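To start, the structure under review is shown below, and the notes come after it.
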Amino acid sequence: MKAKIHFWGGTGTVTGSKFLLETAKHQILIDCGLFQGKKSLRLLNRIPLPLDYSKLSAVLITHAHLDHTGYLPALVKNGYKGPVFMTAPTQALTEIILRDSAKIQMEEADAANRGNYSKHQPALPLYTLDDVEQTLNYILDCEENEWISLAKDIKFRFKRNGHILGSSYLEIDISDKKMIFSGDVGRPESLYLPSPSIPEQADILLLESTYGNRIHPETSPKDQLEDLINKTIQRGGDVLIPCFAVGRALEIMLLIDALKKENKIPPIPVVFDSPMGTEAIEVTSRFPDWHKLNKTALIDLNKEVYFVRAIEETFSIIDRKKTKIVIAGSGMITGGRILHYLKAEIEDVNNLVILPGYQAEGTRGRALLDGEAEIKIMGKFYQVKAEIARLENISGHADQEELLNWIAGFRFKPKEIILIHGEKDASQALAEKIKAKFGISVSLPDLNDVIEIN
Ligand SMILES: [Zn+2]
């Protein structure tokens, strides 16, 4: 078998995942993500893919996060009319995420045109809600473990990997070769997801490396939250938690709920301000086979947390000067309702901003983590006076040790590993460890590289 992999995203960065697998007769795109973060990366979303759309046989999606699905509507807009395979929960979440993405883009284009702060005149969204609705028609849901044949000698299946609801790694057999695309690998001890399953074997493993240079500390996120929340309440401040609406938000709410029930924090209001996140939690309740929460856990949460829908409510919550905990999207503060809270609250030393997720280069979240003195929101600069804290150990990504353990769990070790989905330092550190521990050859492709597989 001869095949090639084209690396069109998710290389040297954690966003924009797009890998084209090309054989003599077929082209298959694995993940179709949006670039996020640094402007130089975001601009890549505007460059058309070097793709003959008529030759693309299928798109396979590992999970619903925007950096793995967010380019799908652009693909369809540009002429793709074939199947897009994913698991059923991924499909349900993707619908929500893509609609939200289109709405944000349309709003941003509108705002830029009104405020005249775009260099492109007029500013145009990458795609619209109509493009998203078109795209959703092409999605086909697959059962976990079910082999699907794309051709006589090409088949694939999804196996869960514990990152978010429905997330999976992909096993792709092309004639006599087995390839595994890891997707984003979750952690063994998630609060609500089963541990990642471990492949038997692979000739080639494409492995994510988001935290390839990091060991998550032993700190319990619950203890850390208790400490941070109590300190902030004592000084009369608010707790703001920018959070990935899909996945992390649920974990944080479960932790806070547990702290309240155990009387470890006072019974102050908890607000979840993410219409998308609220829908995602409803999706979670529809797929009990994909998570390990008991039936009442999600119903309980509805009693304990105030779920905000309309934006008018956001403003009235901000106006109410009562101590509160606010969890809102987006996780890297690149957009979403959290921006309104930060505008109103980041210049107050009593408040606290807790960052629970990965913060990519170029995002406001990263700027806060790096201790920047001011951040720009909607065209205006704000002094960072609130306390900034990173919530350790709540990541949805396996760390270096957990990734190495995942590889160690293969019954037959992969013959070759290609590291993707990581910033350069992270991928390089993981590559060194893999070579030293397993003696497996590792490659680190750059954006737009092509690797031949024989
Ligand atoms: Zn992800």
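Residues in the structure tokens are numbered from 1 in each chain, the chains being A, B, ... in the order shown, and ligands are numbered from 1 in the order shown.
Environment of ligand 1, defined as every protein or nucleic acid residue with an atom within 9 Å of it and counting only C-alpha atoms and all ligand atoms, comprises Thr62, His63, Ala64, His65, Leu66, Asp67, His68, His163, Ile164, Ser167, Gly183, Asp184, Val185, Gly186, Gly396 and His397 of chain A.
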For the selection just defined, write its residues with N, CA, C and O atoms to a file, as a compact mmCIF listing (two decimals), in the first residue's frame.
```txt
# COMPACT_ATOMS: atom_id res chain seq x y z
N THR A 62 -13.07 13.15 14.89
CA THR A 62 -12.79 12.48 16.16
C THR A 62 -13.64 13.00 17.31
O THR A 62 -14.03 12.24 18.19
N HIS A 63 -13.91 14.32 17.34
CA HIS A 63 -14.79 14.85 18.38
C HIS A 63 -15.26 16.25 18.02
O HIS A 63 -14.78 16.85 17.06
N ALA A 64 -16.20 16.75 18.82
CA ALA A 64 -16.98 17.92 18.39
C ALA A 64 -16.29 19.26 18.58
O ALA A 64 -16.75 20.26 18.04
N HIS A 65 -15.21 19.33 19.34
CA HIS A 65 -14.60 20.64 19.59
C HIS A 65 -14.33 21.40 18.29
O HIS A 65 -13.96 20.81 17.28
N LEU A 66 -14.46 22.73 18.39
CA LEU A 66 -14.37 23.60 17.22
C LEU A 66 -13.04 23.45 16.46
O LEU A 66 -13.00 23.56 15.24
N ASP A 67 -11.97 23.17 17.21
CA ASP A 67 -10.68 23.04 16.52
C ASP A 67 -10.56 21.70 15.79
O ASP A 67 -9.52 21.40 15.20
N HIS A 68 -11.64 20.90 15.82
CA HIS A 68 -11.68 19.65 15.04
C HIS A 68 -12.87 19.61 14.08
O HIS A 68 -12.93 18.74 13.22
N HIS A 163 -12.07 12.13 26.13
CA HIS A 163 -11.73 13.56 26.13
C HIS A 163 -12.98 14.42 26.37
O HIS A 163 -12.99 15.25 27.27
N ILE A 164 -14.02 14.23 25.57
CA ILE A 164 -15.34 14.82 25.84
C ILE A 164 -16.39 13.79 25.44
O ILE A 164 -16.05 12.74 24.89
N SER A 167 -16.19 11.62 22.18
CA SER A 167 -14.86 11.72 21.55
C SER A 167 -14.24 10.34 21.37
O SER A 167 -14.44 9.44 22.19
N GLY A 183 -7.02 11.48 18.02
CA GLY A 183 -7.92 12.54 18.48
C GLY A 183 -7.30 13.16 19.72
O GLY A 183 -6.10 12.99 19.97
N ASP A 184 -8.08 13.87 20.52
CA ASP A 184 -7.56 14.40 21.77
C ASP A 184 -7.76 13.32 22.84
O ASP A 184 -8.88 12.89 23.07
N VAL A 185 -6.65 12.90 23.45
CA VAL A 185 -6.74 11.78 24.40
C VAL A 185 -7.08 12.32 25.79
O VAL A 185 -6.41 13.22 26.30
N GLY A 186 -8.12 11.77 26.39
CA GLY A 186 -8.55 12.21 27.71
C GLY A 186 -7.72 11.60 28.82
O GLY A 186 -6.73 10.90 28.58
N GLY A 396 -8.78 18.28 30.08
CA GLY A 396 -9.38 17.18 29.33
C GLY A 396 -8.34 16.41 28.54
O GLY A 396 -8.67 15.47 27.82
N HIS A 397 -7.08 16.83 28.67
CA HIS A 397 -6.02 16.18 27.89
C HIS A 397 -5.09 15.39 28.81
O HIS A 397 -4.68 15.89 29.86
```
### Task
Extract, using only C-alpha atoms, all DNA, RNA and protein residues at most 12 Å from region 140-144 of chain A, discarding same-chain residues fewer than 3 positions from it, and format them as number ranges by chain.
A: 58-63, 82-94, 135-137, 147-149, 156-161, 166-171, 197, 289-290
### Query
Could you pull out all residues of region 65-229 of chain A with a DSSP call of alpha helix (DSSP H) and give them as an NGL selection string?
:A and (66-69 or 72-77 or 88-115 or 129-136 or 221-229)
### Query
Quick one: of A:Ser209, A:Asn45, A:Ser182, A:Ser175, who's nearest to Ile30 (chain A), counting only C-alpha atoms?
A:Ser182
### Message
Here is a test: counting only C-alpha atoms, which residue of A:Ile299, A:Val283, A:Ile394, A:Ile229 is nearest to Ile256 (chain A)?
### Response
A:Ile229
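You will find CA of Gly371 (chain A) at 17.3 Å from CA of Gly331 (chain A).
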